[in-house]
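Note sheet for the following structure.
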Amino acid sequence: MQRPDRDPPFYNPPRAQSARLDSLRAAVETIEPLEVAGRVSGVRGLLVEIGGPVSEMRLGGMVDVEIAHQSIIPCEIVGFSGSKALAMPFGPLEGIRRGCPARVRSAAGGVRPTDAWLGRVVDALGRPIDGFGPLPQGPKLQPFKAEPPAAHTRQRVGAPLDLGIRAINTFLTCCRGQRMGIFAGSGVGKSVLLSMMARNTEADVAIIGLVGERGREVQEFLQDDLGPEGLSRAIVVVATSDEPALMRRNAAYLTLALAEYWRERGAQVLCMIDSVTRFAMAQREIGLAAGEPPTAKGYTPTVFTELPRLLERAGPGAGEGAVTGLFTVLVDGDDHNEPVADAVRGILDGHIVMERAIAERGRYPAINVLKSVSRTMPRACDPEALPYVMKARQTLATYSDMEELIRLGAYRPGASPEVDEAIRLMPDLDAFLSQGKEESTSLGDCYRRLASILNGV
């Protein structure tokens with residue numbers, strides 16, 4: 001049977017029909033089968049007490065509190081007290097009063113991303129905040145909170161990944177699907193290092209979560225550090241420091257949810273969160289408000305439960321896709337053994353240590369190679385270049401051991417051939433480790449430049 005010259009009104013091409021069915025299915029899934037509602041009975045600090053059908057509410061579930069006609073504050077249930085549910089709002093508490101209806105959502109919280117989300121900036125709930133209009137919704141719900149892939153189904157980490165930064169490419173070579181932490185105090189250059197990786201790393205998609213970031217710095221990061229080229233293949237999730245704790249925590253969850261969406265489609269994803277410490281601080285606020293006892297430095301037990309559940313979601317998946325995770329850790333008082341830093345270091349596949357003393361000398365990025373570790377080294381390193389990398393590490397270690405004596409003039413040249421060689425090579429190695437924000441050096445060029453320094457060429 002031949003297709004008529006003009007399509008009848010009910011004719012739809014198969015692809016268009018499938019897209020409409022997907023949209024219809026997504027719309028039907030959002031319909032609440034039965035409305036369950038309670039009422040606000042009180043406000044206690046950051047918590048909203050809700051009375052009513054508490055048996056229909058669940059920990060971690062969503063509740064919409066209606067403060068005026070068509071004005072809603074979304075909340076999450078964080079605990080129970082007697083016959084009341086304790087909820088924490090995603091927005092300011094202003095306007096909530098006793099008796100406000102609190103409608104329970106049956107669907108799990110999540111987003112429906114599509115490829116059209118690339119190049120956009122969203123808040124912690126997946127709503128656009130860049131002024132470029134609404135975001136199209138995909139057919140599949142991607143939950144905010146998901147379980148990490150089962151250990152026995154995950155692939156191994158892939159090939160070496162070029163991050164474009166000489167200190168990391170050479171001494172801390174990373175692989176696709178690896179998870180690395182960037183540990184530093186405030187003002188040492190973590191955000192700039194992340195922006196360099198976002199621009200230079202070979203990946204299909206970059207998902208960047210700015211958790212608890214200063215509001216003034218968001219536009220600077222987007223326009224100056226990331227730039228139009230970096231933003232075109234990225235999604236940026238923003239929750240500034242003035243937003244409620246639930247928004248700051250959910251920004252990290254949304255970042256991993258978006259990364260998982262593209263990993264399931266077989267993409268190589270670069271996932272970056274700045275910073276995990278502010279995620280931990282947000283979880284601490286939530287835990288303390290819900291009545292948890294404080295433990296190490298005031299952090300509640302759920303902080304150390306949620307950290308591995310968040311960070312383990314990155315990494316290789318069951319298929320071809322992988323999430324390479326780069327997570328910054330803001331160490332408290334430059335103490336790299338404080339509780340959050342210590343916990344994160346034990347979860348990830350390596351750590352990059354940035355030191356204030358190196359930054360004060362004017363060397364950026366201020367990476368201390370000797371205190372940093374990549375757990376895929378030396379397997380990830382080019383076998384021909386590995387001897388040069390090991391020799392350079394030994395030279396840096398020798399100079400570090402004798403640095404105080406050298407600077408004081410107490411070392412006598414000729415006393416040790418190894419120290420003499422370290423003094424001779426150190427200016428070139430220091431220049432090699434120093435790199436401008438706009439510079440990028442490939443893996444092969446890193447090895448060649450290091451070999452030429454050590455060979456005296």
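Within each chain, counting starts at residue 1; across the structure tokens, chains are named A, B, ... in the order shown, with ligands numbered 1 upward in that order.
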Skip region 141-158 of chain A itself and residues of its chain fewer than 3 positions away, then list as a compact mmCIF listing (two decimals) with all heavy atoms, in the first residue's frame all residues within 10 Å of it, counting only C-alpha atoms.
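Output contents, as saved in part.txt:
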```txt
# COMPACT_ATOMS: atom_id res chain seq x y z
N ALA A 26 5.68 10.58 30.31
CA ALA A 26 6.31 11.39 31.35
C ALA A 26 5.28 12.24 32.09
O ALA A 26 5.36 12.41 33.31
CB ALA A 26 7.39 12.28 30.74
N GLU A 29 3.27 10.03 34.48
CA GLU A 29 4.03 9.63 35.66
C GLU A 29 4.07 10.71 36.73
O GLU A 29 4.26 10.41 37.91
CB GLU A 29 5.47 9.27 35.25
CG GLU A 29 5.57 7.95 34.49
CD GLU A 29 6.99 7.67 34.05
OE1 GLU A 29 7.88 8.50 34.32
OE2 GLU A 29 7.23 6.62 33.44
N THR A 30 3.92 11.96 36.32
CA THR A 30 3.97 13.06 37.30
C THR A 30 2.64 13.27 38.02
O THR A 30 2.58 14.02 38.99
CB THR A 30 4.37 14.37 36.60
OG1 THR A 30 3.39 14.69 35.59
CG2 THR A 30 5.75 14.25 35.96
N GLY A 60 13.10 11.22 54.04
CA GLY A 60 13.65 11.59 52.75
C GLY A 60 12.60 11.93 51.72
O GLY A 60 12.92 12.32 50.59
N ALA A 107 5.84 10.70 44.32
CA ALA A 107 6.98 10.43 43.44
C ALA A 107 8.29 10.84 44.11
O ALA A 107 8.34 11.78 44.90
CB ALA A 107 6.82 11.20 42.12
N ALA A 108 9.34 10.10 43.79
CA ALA A 108 10.68 10.43 44.32
C ALA A 108 11.20 11.69 43.65
O ALA A 108 10.88 11.97 42.49
CB ALA A 108 11.64 9.28 44.09
N GLY A 109 12.00 12.46 44.38
CA GLY A 109 12.56 13.68 43.81
C GLY A 109 13.59 13.37 42.75
O GLY A 109 14.40 12.44 42.90
N GLY A 110 13.57 14.12 41.67
CA GLY A 110 14.53 13.90 40.60
C GLY A 110 14.32 14.89 39.47
O GLY A 110 13.53 15.83 39.58
N VAL A 111 15.05 14.70 38.39
CA VAL A 111 14.97 15.57 37.21
C VAL A 111 14.86 14.69 35.97
O VAL A 111 15.10 13.48 36.01
CB VAL A 111 16.22 16.47 37.09
CG1 VAL A 111 16.25 17.52 38.19
CG2 VAL A 111 17.51 15.65 37.14
N ARG A 112 14.49 15.33 34.86
CA ARG A 112 14.35 14.64 33.57
C ARG A 112 15.25 15.35 32.55
O ARG A 112 14.77 16.14 31.74
CB ARG A 112 12.90 14.64 33.11
CG ARG A 112 11.96 13.92 34.06
CD ARG A 112 10.51 13.99 33.61
NE ARG A 112 9.63 13.31 34.54
CZ ARG A 112 9.35 12.01 34.50
NH1 ARG A 112 9.88 11.27 33.53
NH2 ARG A 112 8.55 11.46 35.38
N PRO A 113 16.55 15.08 32.57
CA PRO A 113 17.47 15.82 31.68
C PRO A 113 17.40 15.34 30.25
O PRO A 113 16.96 14.22 29.94
CB PRO A 113 18.84 15.52 32.31
CG PRO A 113 18.67 14.19 32.96
CD PRO A 113 17.25 14.12 33.43
N ALA A 124 19.76 23.80 42.55
CA ALA A 124 19.88 22.47 43.14
C ALA A 124 18.68 21.58 42.86
O ALA A 124 18.75 20.37 43.08
CB ALA A 124 20.09 22.59 44.65
N LEU A 125 17.57 22.16 42.39
CA LEU A 125 16.39 21.37 42.04
C LEU A 125 16.24 21.18 40.55
O LEU A 125 15.22 20.67 40.08
CB LEU A 125 15.13 22.04 42.62
CG LEU A 125 15.08 22.13 44.15
CD1 LEU A 125 13.83 22.88 44.59
CD2 LEU A 125 15.12 20.74 44.77
N GLY A 126 17.24 21.61 39.78
CA GLY A 126 17.19 21.45 38.33
C GLY A 126 16.43 22.52 37.61
O GLY A 126 16.07 22.35 36.43
N GLN A 137 12.02 18.81 29.13
CA GLN A 137 12.03 17.66 30.03
C GLN A 137 12.10 16.37 29.23
O GLN A 137 11.37 16.18 28.26
CB GLN A 137 10.78 17.67 30.92
CG GLN A 137 10.66 18.91 31.78
CD GLN A 137 11.81 19.05 32.76
OE1 GLN A 137 12.06 18.17 33.57
NE2 GLN A 137 12.52 20.17 32.68
N GLY A 138 12.99 15.48 29.66
CA GLY A 138 13.13 14.19 29.01
C GLY A 138 12.13 13.18 29.53
O GLY A 138 11.42 13.42 30.51
N LEU A 161 44.01 9.59 31.27
CA LEU A 161 43.22 10.76 30.89
C LEU A 161 44.10 11.99 30.92
O LEU A 161 44.78 12.26 31.91
CB LEU A 161 42.05 10.92 31.86
CG LEU A 161 41.07 12.06 31.59
CD1 LEU A 161 40.35 11.85 30.26
CD2 LEU A 161 40.05 12.16 32.73
N CYS A 174 46.03 10.33 35.87
CA CYS A 174 44.69 9.83 36.17
C CYS A 174 44.18 8.99 35.01
O CYS A 174 44.64 9.13 33.87
CB CYS A 174 43.73 10.98 36.42
SG CYS A 174 44.19 12.02 37.82
N CYS A 175 43.22 8.14 35.29
CA CYS A 175 42.59 7.31 34.27
C CYS A 175 41.10 7.65 34.18
O CYS A 175 40.53 8.25 35.11
CB CYS A 175 42.75 5.83 34.62
SG CYS A 175 44.45 5.23 34.57
N ARG A 176 40.49 7.28 33.08
CA ARG A 176 39.05 7.50 32.92
C ARG A 176 38.29 6.67 33.96
O ARG A 176 38.53 5.49 34.13
CB ARG A 176 38.61 7.09 31.51
CG ARG A 176 39.21 7.95 30.41
CD ARG A 176 38.57 7.66 29.07
NE ARG A 176 39.19 8.45 28.02
CZ ARG A 176 38.87 9.71 27.73
NH1 ARG A 176 37.92 10.31 28.43
NH2 ARG A 176 39.47 10.36 26.76
N GLY A 177 37.40 7.33 34.66
CA GLY A 177 36.64 6.67 35.70
C GLY A 177 37.27 6.75 37.07
O GLY A 177 36.71 6.23 38.04
N GLN A 178 38.43 7.41 37.19
CA GLN A 178 39.07 7.56 38.49
C GLN A 178 38.43 8.69 39.28
O GLN A 178 37.84 9.62 38.70
CB GLN A 178 40.57 7.83 38.31
CG GLN A 178 41.38 7.82 39.60
CD GLN A 178 42.87 7.87 39.33
OE1 GLN A 178 43.31 7.67 38.21
NE2 GLN A 178 43.65 8.14 40.36
N ARG A 179 38.54 8.64 40.59
CA ARG A 179 38.00 9.70 41.46
C ARG A 179 39.16 10.28 42.25
O ARG A 179 39.83 9.58 43.01
CB ARG A 179 36.94 9.12 42.41
CG ARG A 179 35.75 8.51 41.68
CD ARG A 179 34.97 7.61 42.60
NE ARG A 179 35.84 6.59 43.18
CZ ARG A 179 35.56 5.92 44.28
NH1 ARG A 179 34.43 6.15 44.92
NH2 ARG A 179 36.38 5.01 44.75
N ASN A 250 21.55 19.17 48.18
CA ASN A 250 20.93 18.60 46.98
C ASN A 250 21.69 18.97 45.71
O ASN A 250 21.60 18.27 44.70
CB ASN A 250 19.48 19.07 46.86
CG ASN A 250 18.61 18.04 46.19
OD1 ASN A 250 18.41 16.95 46.72
ND2 ASN A 250 18.11 18.36 44.99
N ALA A 251 22.45 20.07 45.73
CA ALA A 251 23.26 20.43 44.57
C ALA A 251 24.28 19.33 44.27
O ALA A 251 24.53 19.01 43.10
CB ALA A 251 23.97 21.76 44.81
N ALA A 252 24.86 18.75 45.32
CA ALA A 252 25.81 17.65 45.11
C ALA A 252 25.08 16.42 44.58
O ALA A 252 25.58 15.73 43.67
CB ALA A 252 26.54 17.33 46.41
N TYR A 253 23.90 16.11 45.12
CA TYR A 253 23.14 14.97 44.63
C TYR A 253 22.75 15.15 43.16
O TYR A 253 22.85 14.21 42.36
CB TYR A 253 21.86 14.80 45.46
CG TYR A 253 22.09 14.29 46.86
CD1 TYR A 253 21.31 14.75 47.92
CD2 TYR A 253 23.06 13.34 47.14
CE1 TYR A 253 21.50 14.29 49.22
CE2 TYR A 253 23.26 12.87 48.43
CZ TYR A 253 22.48 13.35 49.47
OH TYR A 253 22.68 12.88 50.73
N LEU A 254 22.31 16.36 42.79
CA LEU A 254 21.92 16.62 41.40
C LEU A 254 23.12 16.50 40.47
O LEU A 254 23.00 15.97 39.36
CB LEU A 254 21.28 18.01 41.29
CG LEU A 254 20.92 18.47 39.87
CD1 LEU A 254 19.97 17.49 39.20
CD2 LEU A 254 20.33 19.87 39.89
N THR A 255 24.28 16.97 40.90
CA THR A 255 25.49 16.86 40.07
C THR A 255 25.78 15.41 39.72
O THR A 255 26.05 15.07 38.56
CB THR A 255 26.69 17.49 40.79
OG1 THR A 255 26.38 18.85 41.12
CG2 THR A 255 27.93 17.46 39.92
N LEU A 256 25.71 14.52 40.71
CA LEU A 256 25.96 13.09 40.45
C LEU A 256 24.83 12.47 39.64
O LEU A 256 25.07 11.59 38.80
CB LEU A 256 26.14 12.36 41.77
CG LEU A 256 27.57 12.18 42.28
CD1 LEU A 256 28.43 11.41 41.29
CD2 LEU A 256 28.22 13.52 42.59
N ALA A 257 23.59 12.93 39.86
CA ALA A 257 22.47 12.38 39.09
C ALA A 257 22.62 12.69 37.60
O ALA A 257 22.38 11.83 36.74
CB ALA A 257 21.15 12.95 39.62
N LEU A 258 23.01 13.93 37.27
CA LEU A 258 23.22 14.28 35.86
C LEU A 258 24.39 13.50 35.27
O LEU A 258 24.34 13.05 34.12
CB LEU A 258 23.47 15.78 35.75
CG LEU A 258 22.30 16.69 36.12
CD1 LEU A 258 22.72 18.15 36.12
CD2 LEU A 258 21.13 16.49 35.15
N GLU A 260 25.36 10.53 36.16
CA GLU A 260 24.90 9.15 35.97
C GLU A 260 24.03 9.03 34.72
O GLU A 260 24.08 8.01 34.01
CB GLU A 260 24.12 8.70 37.19
CG GLU A 260 24.99 8.46 38.42
CD GLU A 260 24.18 8.30 39.68
OE1 GLU A 260 23.04 8.83 39.73
OE2 GLU A 260 24.68 7.66 40.62
N TYR A 261 23.24 10.05 34.43
CA TYR A 261 22.38 10.02 33.24
C TYR A 261 23.21 9.84 31.97
O TYR A 261 22.90 9.01 31.13
CB TYR A 261 21.54 11.30 33.18
CG TYR A 261 20.80 11.49 31.87
CD1 TYR A 261 19.65 10.77 31.59
CD2 TYR A 261 21.26 12.39 30.91
CE1 TYR A 261 18.97 10.93 30.40
CE2 TYR A 261 20.59 12.57 29.72
CZ TYR A 261 19.45 11.83 29.46
OH TYR A 261 18.79 11.99 28.26
N PRO A 308 30.48 8.50 51.59
CA PRO A 308 30.73 7.40 50.65
C PRO A 308 29.57 7.13 49.71
O PRO A 308 29.78 6.75 48.55
CB PRO A 308 31.01 6.20 51.56
CG PRO A 308 30.45 6.56 52.88
CD PRO A 308 30.55 8.05 52.98
N ARG A 309 28.33 7.35 50.17
CA ARG A 309 27.18 7.14 49.29
C ARG A 309 27.18 8.13 48.14
O ARG A 309 26.71 7.80 47.03
CB ARG A 309 25.88 7.26 50.09
CG ARG A 309 25.69 6.15 51.10
CD ARG A 309 24.35 6.27 51.80
NE ARG A 309 23.23 6.17 50.86
CZ ARG A 309 21.97 6.36 51.19
NH1 ARG A 309 21.65 6.67 52.44
NH2 ARG A 309 21.01 6.25 50.29
N LEU A 310 27.68 9.33 48.38
CA LEU A 310 27.77 10.32 47.31
C LEU A 310 28.95 10.03 46.38
O LEU A 310 28.80 9.96 45.16
CB LEU A 310 27.92 11.72 47.92
CG LEU A 310 28.17 12.86 46.93
CD1 LEU A 310 26.89 13.22 46.21
CD2 LEU A 310 28.76 14.08 47.63
N LEU A 311 30.14 9.85 46.95
CA LEU A 311 31.36 9.74 46.15
C LEU A 311 31.45 8.42 45.40
O LEU A 311 32.04 8.36 44.31
CB LEU A 311 32.58 9.93 47.04
CG LEU A 311 32.64 11.27 47.79
CD1 LEU A 311 33.84 11.30 48.73
CD2 LEU A 311 32.71 12.44 46.82
N GLU A 312 30.86 7.35 45.94
CA GLU A 312 30.90 6.07 45.25
C GLU A 312 30.02 6.04 44.01
O GLU A 312 30.14 5.12 43.19
CB GLU A 312 30.48 4.94 46.21
CG GLU A 312 31.54 4.53 47.21
CD GLU A 312 32.69 3.77 46.57
OE1 GLU A 312 32.56 3.34 45.42
OE2 GLU A 312 33.74 3.63 47.22
N ARG A 313 29.14 7.02 43.85
CA ARG A 313 28.31 7.07 42.64
C ARG A 313 29.14 7.42 41.41
O ARG A 313 28.74 7.12 40.29
CB ARG A 313 27.18 8.08 42.83
CG ARG A 313 26.16 7.65 43.85
CD ARG A 313 25.20 8.77 44.23
NE ARG A 313 24.37 9.19 43.12
CZ ARG A 313 23.45 10.15 43.19
NH1 ARG A 313 23.25 10.78 44.36
NH2 ARG A 313 22.73 10.49 42.14
N ALA A 314 30.28 8.07 41.60
CA ALA A 314 31.18 8.35 40.47
C ALA A 314 32.00 7.10 40.16
O ALA A 314 32.01 6.14 40.92
CB ALA A 314 32.09 9.52 40.81
N GLY A 315 32.67 7.14 39.02
CA GLY A 315 33.51 6.01 38.62
C GLY A 315 32.94 5.30 37.41
O GLY A 315 31.97 5.75 36.79
N PRO A 316 33.53 4.17 37.03
CA PRO A 316 33.02 3.42 35.88
C PRO A 316 31.64 2.84 36.18
O PRO A 316 31.29 2.57 37.34
CB PRO A 316 34.06 2.30 35.69
CG PRO A 316 35.23 2.69 36.52
CD PRO A 316 34.71 3.55 37.62
N GLY A 317 30.87 2.63 35.11
CA GLY A 317 29.58 1.98 35.24
C GLY A 317 29.64 0.54 34.76
O GLY A 317 30.72 -0.03 34.59
N ALA A 318 28.48 -0.03 34.54
CA ALA A 318 28.43 -1.41 34.04
C ALA A 318 28.69 -1.49 32.55
O ALA A 318 29.04 -2.55 32.04
CB ALA A 318 27.07 -2.03 34.37
N GLY A 319 28.51 -0.37 31.84
CA GLY A 319 28.72 -0.35 30.39
C GLY A 319 29.99 0.38 30.01
O GLY A 319 30.98 0.40 30.74
N GLU A 320 29.93 1.03 28.83
CA GLU A 320 31.11 1.73 28.32
C GLU A 320 31.33 3.09 28.97
O GLU A 320 32.43 3.61 28.97
CB GLU A 320 30.99 1.90 26.80
CG GLU A 320 30.98 0.59 26.02
CD GLU A 320 30.88 0.82 24.53
OE1 GLU A 320 30.77 2.01 24.13
OE2 GLU A 320 30.90 -0.16 23.77
N GLY A 321 30.27 3.68 29.49
CA GLY A 321 30.39 5.01 30.08
C GLY A 321 31.12 5.00 31.41
O GLY A 321 31.19 3.97 32.10
N ALA A 322 31.69 6.15 31.76
CA ALA A 322 32.40 6.29 33.03
C ALA A 322 32.30 7.74 33.49
O ALA A 322 32.24 8.66 32.68
CB ALA A 322 33.86 5.87 32.90
N VAL A 323 32.29 7.92 34.81
CA VAL A 323 32.29 9.24 35.42
C VAL A 323 33.64 9.44 36.10
O VAL A 323 33.96 8.75 37.07
CB VAL A 323 31.16 9.39 36.45
CG1 VAL A 323 31.27 10.74 37.15
CG2 VAL A 323 29.80 9.26 35.78
N THR A 324 34.44 10.35 35.57
CA THR A 324 35.70 10.73 36.20
C THR A 324 35.41 11.84 37.20
O THR A 324 34.93 12.91 36.82
CB THR A 324 36.72 11.20 35.16
OG1 THR A 324 36.93 10.16 34.19
CG2 THR A 324 38.05 11.54 35.82
N THR A 376 46.36 4.98 40.64
CA THR A 376 46.55 4.24 39.38
C THR A 376 47.99 4.30 38.89
O THR A 376 48.31 3.70 37.87
CB THR A 376 45.62 4.79 38.28
OG1 THR A 376 45.90 6.18 38.08
CG2 THR A 376 44.16 4.62 38.68
N ALA A 380 49.31 3.65 35.15
CA ALA A 380 48.77 4.59 34.17
C ALA A 380 49.86 5.34 33.41
O ALA A 380 49.58 5.96 32.38
CB ALA A 380 47.86 5.59 34.86
```
Practice task
Using DSSP on the backbone, list every residue of region 98-219 of chain A that comes out as alpha helix (DSSP H), and give them as JSON, numbers by chain.
Solution key: {"A": [166, 167, 168, 169, 170, 171, 190, 191, 192, 193, 194, 195, 196, 197, 198, 199, 200, 215, 216, 217, 218, 219]}
Written selection (C-alpha atoms) as a short mmCIF file (atom, residue, chain, number, x, y, z; two decimals), in the first residue's frame:
```cif
data_model
loop_
_atom_site.label_atom_id
_atom_site.label_comp_id
_atom_site.auth_asym_id
_atom_site.auth_seq_id
_atom_site.Cartn_x
_atom_site.Cartn_y
_atom_site.Cartn_z
CA ARG A 166 51.77 19.27 33.79
CA ALA A 167 52.10 18.52 37.51
CA ILE A 168 49.11 16.14 37.42
CA ASN A 169 49.72 14.58 34.00
CA THR A 170 53.33 13.73 34.86
CA PHE A 171 53.38 12.79 38.54
CA LYS A 190 41.20 25.10 43.91
CA SER A 191 38.53 26.73 41.74
CA VAL A 192 41.09 27.90 39.15
CA LEU A 193 42.54 24.39 38.99
CA LEU A 194 39.05 22.98 38.43
CA SER A 195 38.39 25.46 35.63
CA MET A 196 41.65 24.47 33.91
CA MET A 197 40.60 20.82 34.04
CA ALA A 198 37.10 21.63 32.78
CA ARG A 199 38.52 23.38 29.70
CA ASN A 200 41.37 20.99 28.93
CA GLY A 215 27.51 34.28 44.93
CA ARG A 216 29.90 36.94 43.63
CA GLU A 217 32.23 34.32 42.16
CA VAL A 218 29.67 32.35 40.13
CA GLN A 219 29.65 34.72 37.14
#
```
Problem - Shell around Asp428 (chain A) at 12 Å using only C-alpha atoms, local window under 3 positions removed, as a count of residues only - result: 21
Residues flagged strand (DSSP E) by DSSP in region 261-392 of chain A, as a JSON list (two decimals) with C-alpha atoms, in the first residue's frame:
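That gives us out-v8.json:
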```json
[["chain", "number", "residue", "atom", "x", "y", "z"],
["A", 268, "GLN", "CA", 32.70, 9.79, 29.15],
["A", 269, "VAL", "CA", 31.70, 12.27, 31.86],
["A", 270, "LEU", "CA", 33.87, 14.68, 33.82],
["A", 271, "CYS", "CA", 32.14, 15.37, 37.17],
["A", 272, "MET", "CA", 33.47, 18.12, 39.43],
["A", 273, "ILE", "CA", 32.17, 19.29, 42.82],
["A", 274, "ASP", "CA", 33.48, 22.36, 44.63],
["A", 315, "GLY", "CA", 33.51, 6.01, 38.62],
["A", 316, "PRO", "CA", 33.02, 3.42, 35.88],
["A", 322, "ALA", "CA", 32.40, 6.29, 33.03],
["A", 323, "VAL", "CA", 32.29, 9.24, 35.42],
["A", 324, "THR", "CA", 35.70, 10.73, 36.20],
["A", 325, "GLY", "CA", 35.26, 12.52, 39.51],
["A", 326, "LEU", "CA", 37.27, 15.53, 40.72],
["A", 327, "PHE", "CA", 36.18, 16.71, 44.16],
["A", 328, "THR", "CA", 37.66, 19.62, 46.09],
["A", 329, "VAL", "CA", 38.03, 19.45, 49.87],
["A", 330, "LEU", "CA", 38.36, 22.72, 51.80],
["A", 350, "GLY", "CA", 43.95, 9.52, 45.02],
["A", 351, "HIS", "CA", 44.44, 13.02, 46.34],
["A", 352, "ILE", "CA", 46.06, 16.22, 45.06],
["A", 353, "VAL", "CA", 47.46, 18.37, 47.87],
["A", 373, "VAL", "CA", 49.05, 10.33, 45.33],
["A", 374, "SER", "CA", 47.31, 8.76, 42.35]]
```
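With distances restricted to only C-alpha atoms, A:Val331 is the closest residue to Thr277 (chain A) from A:Val331, A:Cys381, A:Ala296, A:Ala159.
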Practice task
Enter the distance from CA of Cys75 (chain A) to CA of Ala239 (chain A), in Å, rounded to one decimal.
Solution key: 16.2 Å
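Nearest residue to Cys446 (chain A), choosing from A:Leu172, A:Gly209, A:Gly298, A:Glu35 and counting only C-alpha atoms: A:Leu172.
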Practice task
Give me the residues within 7 Å of region 354-367 of chain A as a list in words, counting only C-alpha atoms and dropping any in the same chain fewer than 5 places off.
Solution key: Phe183, Ala184, Val188, Gly189, Leu193, Ser434 and Gln435 of chain A
Next, dump the selected residues to file, keeping only N, CA and C atoms, as a PDB file, in the first residue's frame.
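out24.pdb written:
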```pdb
ATOM      1  N   PHE A 183      42.786  18.728  47.729  1.00  0.00           N
ATOM      2  CA  PHE A 183      42.757  19.169  49.121  1.00  0.00           C
ATOM      3  C   PHE A 183      43.540  20.472  49.252  1.00  0.00           C
ATOM      4  N   ALA A 184      42.908  21.486  49.787  1.00  0.00           N
ATOM      5  CA  ALA A 184      43.579  22.783  49.932  1.00  0.00           C
ATOM      6  C   ALA A 184      42.808  23.655  50.907  1.00  0.00           C
ATOM      7  N   VAL A 188      43.806  29.133  47.896  1.00  0.00           N
ATOM      8  CA  VAL A 188      45.042  28.544  47.378  1.00  0.00           C
ATOM      9  C   VAL A 188      44.939  28.232  45.892  1.00  0.00           C
ATOM     10  N   GLY A 189      43.739  28.257  45.329  1.00  0.00           N
ATOM     11  CA  GLY A 189      43.601  28.071  43.886  1.00  0.00           C
ATOM     12  C   GLY A 189      42.854  26.835  43.450  1.00  0.00           C
ATOM     13  N   LEU A 193      42.083  25.698  39.458  1.00  0.00           N
ATOM     14  CA  LEU A 193      42.543  24.389  38.995  1.00  0.00           C
ATOM     15  C   LEU A 193      41.392  23.599  38.385  1.00  0.00           C
ATOM     16  N   SER A 434      55.184  24.932  37.293  1.00  0.00           N
ATOM     17  CA  SER A 434      54.403  26.173  37.245  1.00  0.00           C
ATOM     18  C   SER A 434      53.679  26.261  35.902  1.00  0.00           C
ATOM     19  N   GLN A 435      52.432  26.718  35.926  1.00  0.00           N
ATOM     20  CA  GLN A 435      51.638  26.745  34.697  1.00  0.00           C
ATOM     21  C   GLN A 435      50.581  27.832  34.783  1.00  0.00           C
TER      22      GLN A 435
END
```
Show which residues sit within 8 Å of Ala87 (chain A), as a short mmCIF file (atom, residue, chain, number, x, y, z; two decimals) with all heavy atoms, in the first residue's frame. Count only C-alpha atoms, and ignore same-chain residues fewer than 5 positions away.
```cif
data_model
loop_
_atom_site.label_atom_id
_atom_site.label_comp_id
_atom_site.auth_asym_id
_atom_site.auth_seq_id
_atom_site.Cartn_x
_atom_site.Cartn_y
_atom_site.Cartn_z
N LEU A 47 13.31 23.68 61.40
CA LEU A 47 12.40 22.58 61.09
C LEU A 47 10.95 23.04 61.09
O LEU A 47 10.55 23.92 61.86
CB LEU A 47 12.58 21.46 62.12
CG LEU A 47 13.93 20.75 62.14
CD1 LEU A 47 13.94 19.70 63.24
CD2 LEU A 47 14.24 20.12 60.78
N VAL A 48 10.17 22.40 60.23
CA VAL A 48 8.73 22.61 60.17
C VAL A 48 8.06 21.34 60.67
O VAL A 48 8.32 20.24 60.15
CB VAL A 48 8.28 22.92 58.73
CG1 VAL A 48 6.76 23.09 58.67
CG2 VAL A 48 8.97 24.16 58.20
N GLU A 49 7.22 21.47 61.69
CA GLU A 49 6.49 20.32 62.23
C GLU A 49 5.18 20.16 61.48
O GLU A 49 4.43 21.12 61.31
CB GLU A 49 6.23 20.50 63.73
CG GLU A 49 7.49 20.56 64.56
CD GLU A 49 7.19 20.75 66.04
OE1 GLU A 49 6.04 21.08 66.37
OE2 GLU A 49 8.11 20.56 66.85
N ILE A 50 4.92 18.94 61.02
CA ILE A 50 3.73 18.67 60.21
C ILE A 50 2.92 17.58 60.91
O ILE A 50 3.45 16.49 61.20
CB ILE A 50 4.11 18.24 58.79
CG1 ILE A 50 4.89 19.36 58.10
CG2 ILE A 50 2.87 17.87 57.98
CD1 ILE A 50 5.44 18.99 56.74
N VAL A 63 7.58 17.05 50.64
CA VAL A 63 6.31 17.65 51.05
C VAL A 63 6.27 19.07 50.52
O VAL A 63 7.26 19.80 50.62
CB VAL A 63 6.18 17.65 52.59
CG1 VAL A 63 4.91 18.35 53.01
CG2 VAL A 63 6.20 16.24 53.14
N CYS A 75 9.69 20.93 50.79
CA CYS A 75 10.40 20.51 51.99
C CYS A 75 10.76 19.03 51.88
O CYS A 75 10.15 18.29 51.10
CB CYS A 75 9.55 20.74 53.25
SG CYS A 75 9.01 22.44 53.51
N GLU A 76 11.72 18.63 52.69
CA GLU A 76 12.09 17.21 52.77
C GLU A 76 11.92 16.76 54.21
O GLU A 76 12.33 17.45 55.15
CB GLU A 76 13.54 17.01 52.32
CG GLU A 76 13.99 15.55 52.39
CD GLU A 76 15.41 15.36 51.92
OE1 GLU A 76 15.80 16.00 50.91
OE2 GLU A 76 16.14 14.58 52.55
N ILE A 77 11.37 15.58 54.39
CA ILE A 77 11.17 15.02 55.72
C ILE A 77 12.50 14.47 56.22
O ILE A 77 13.11 13.60 55.58
CB ILE A 77 10.09 13.93 55.71
CG1 ILE A 77 8.75 14.54 55.28
CG2 ILE A 77 9.96 13.28 57.08
CD1 ILE A 77 7.66 13.54 55.06
N VAL A 78 12.97 15.00 57.35
CA VAL A 78 14.28 14.61 57.87
C VAL A 78 14.18 13.86 59.19
O VAL A 78 15.19 13.42 59.74
CB VAL A 78 15.19 15.84 58.04
CG1 VAL A 78 15.47 16.49 56.70
CG2 VAL A 78 14.58 16.85 59.01
N GLY A 79 12.96 13.70 59.73
CA GLY A 79 12.81 12.98 60.98
C GLY A 79 11.37 12.99 61.46
O GLY A 79 10.48 13.58 60.84
#
```
